[in-house]
Amino acid sequence: MANYEIVSREDFSDVTYLLEIRHPMMARAAKPGQFVIVMLNEQGERIPLTIADFDCDKGTITLVIQAVGKTTRQMQDECQVGTSLYALVGPMGVPSPISHARKVLCVGGGLGVAPIFPQARGFKETGAYVIGVVGFRNKNLVFWDEKFKRCCDELIICTDDGSVGIKGLVTAGIQQAIEKHPDIDEVVAIGPPIMMKGCADATRPYKIKTMVSLNPVMVDGTGMCGGCRVKIGDQVKFACVDGPDFDGHLVDFDDLMTRLGRYTKTERKALEHWEKSCRLQREVGARVESANQV
């Protein structure tokens with residue numbers, strides 16, 4: 001069996017963590033905007049995670065994960081340096097088109113800050129003027145700001161509470177950037193659906209091309225299951241093979257958010273079952289340790 005070793009880990013907050021995984025072939029093949037399908041163990045759930053970075057020299061890919069459900073919580077507990085993932089498939093999806101735009105606005109909100117980085121770097125490498133807008137709830141959750149400063153000509157940090165940067169959502173940063181740079185050619189936005197919807201609404205009056213990265217429920221990652229279908233204008237697309245990048249002004253975000261909400265109850269039950277199993281294991285372990293000490 002392949003060995004997808006975790007060679008580095010960094011915790012950005014109580015729920016957000018980074019895993020750097022050794023996979024030389026994938027590191028050479030990866031492009032901005034692509035994702036992988038991960039399985040923690042043989043019985044584990046298949047989950048899609050966007051590639052946040054890749055290093056051909058080191059032969060590694062980087063994932064930034066938010067522990068919000070059963071599998072991502074379990075990975076937070078078990079994925080330590082020296083351990084391995086059971087399965088890692090990719091890179092999948094159509095790479096984000098790094099256009100010949102002269103001035104680009106790259107917007108990331110929350111966990112979307114990580115996958116917007118390869119795109120910002122890619123645009124910078126083509127000679128574009130890159131403006132980064134990244135949003136967090138507060139300054140304690142800010143990460144990778146130094147990395148962004150190295151590939152962005154300007155960086156606007158937004159926080160909900162104003163503890164660092166400007167106070168407000170990323171749409172406030174978008175508005176500030178557009179007012180200063182009315183010649184922006186393209187906007188790329190990654191984050192929660194409601195955030196990307198806000199970005200598309202903010203750029204629509206200016207008719208600025210706006211691309212968003214959709215990450216609906218995916219199972220097989222090849223388009224066969226149909227779970228990741230999204231409405232783009234008058235067409236139905238599959239995010240795993242047609243995307244994940246789409247024209248934000250055409251995406252039916254309301255339909256996307258409704259579909260995502262349908263699984264909330266099932267996801268909550270899975271998390272509760274896992275937490276109960278963990279408690280039982282700890283209780284049994286404590287009893288065994290106590291008995292051994294007698």
# chains A, B, ... in the order shown; residues from 1 in each chain; ligands from 1

call {"tool": "residues_around", "arguments": {"residues": "A:Ile116", "least_positions_apart": "4", "cutoff": "8 Å", "atoms": "only C-alpha atoms", "output": "list in words"}}
result
Gly33, Ala52, Cys106, Val107, Gly108, Gly112, Ala120, Val188, Ala189 and Ile190 of chain A

call {"tool": "select_by_dssp", "arguments": {"residues": "stretch 70-130 of chain A", "states": "strand (DSSP E or B)", "output": "PyMOL selection string"}}
result
chain A and resi 84-85+87-92+103-109+129-130

call {"tool": "closest_atom_pairs", "arguments": {"of": "stretch 40-72 of chain A", "to": "stretch 129-151 of chain A", "cutoff": "12 Å", "atoms": "only C-alpha atoms", "output": "tab-separated table"}}
result
residue	atom	partner	partner_atom	distance
A:Ala52	CA	A:Trp144	CA	11.0
A:Asp53	CA	A:Lys147	CA	11.0
A:Val64	CA	A:Phe143	CA	10.6
A:Gln66	CA	A:Leu141	CA	11.8

call {"tool": "write_last_selection", "arguments": {"atoms": "N, CA and C atoms", "output": "short mmCIF file (atom, residue, chain, number, x, y, z; two decimals), in the first residue's frame"}}
result
data_model
loop_
_atom_site.label_atom_id
_atom_site.label_comp_id
_atom_site.auth_asym_id
_atom_site.auth_seq_id
_atom_site.Cartn_x
_atom_site.Cartn_y
_atom_site.Cartn_z
N ALA A 52 -3.66 23.59 -1.11
CA ALA A 52 -3.32 24.95 -0.69
C ALA A 52 -1.94 25.37 -1.15
N ASP A 53 -1.06 24.40 -1.39
CA ASP A 53 0.29 24.71 -1.86
C ASP A 53 0.92 23.41 -2.34
N VAL A 64 -4.79 22.74 3.95
CA VAL A 64 -5.21 23.48 5.14
C VAL A 64 -6.66 23.09 5.40
N GLN A 66 -10.17 22.63 8.04
CA GLN A 66 -10.94 23.15 9.17
C GLN A 66 -11.72 22.00 9.79
#

call {"tool": "select_by_dssp", "arguments": {"residues": "stretch 12-200 of chain A", "states": "alpha helix (DSSP H)", "output": "VMD selection string"}}
result
chain A and resid 24 to 29 70 to 78 113 to 125 145 to 151 170 to 180 193 to 200

call {"tool": "residues_around", "arguments": {"residues": "stretch 229-239 of chain A", "least_positions_apart": "2", "cutoff": "6 Å", "atoms": "only C-alpha atoms", "output": "MDAnalysis selection string"}}
result
chainID A and resid 226:227 241:244 250:252

call {"tool": "residues_around", "arguments": {"residues": "stretch 82-91 of chain A", "least_positions_apart": "3", "cutoff": "6 Å", "atoms": "only C-alpha atoms", "output": "MDAnalysis selection string"}}
result
chainID A and resid 4:6 30 34:41

call {"tool": "atom_distance", "arguments": {"atom1": "atom CA of A:Ile194", "atom2": "atom CA of A:Val212"}}
result
11.5 Å

call {"tool": "atom_distance", "arguments": {"atom1": "atom CA of A:Glu154", "atom2": "atom CA of A:Ala114"}}
result
17.1 Å

call {"tool": "closest_residue", "arguments": {"among": "A:Gln119, A:Ser99, A:Gln76, A:Ser213", "to": "A:Asp185", "atoms": "only C-alpha atoms"}}
result
A:Ser99

call {"tool": "closest_residue", "arguments": {"among": "A:Lys124, A:Gly44, A:Ala177, A:Leu111", "to": "A:Ala67", "atoms": "only C-alpha atoms"}}
result
A:Leu111
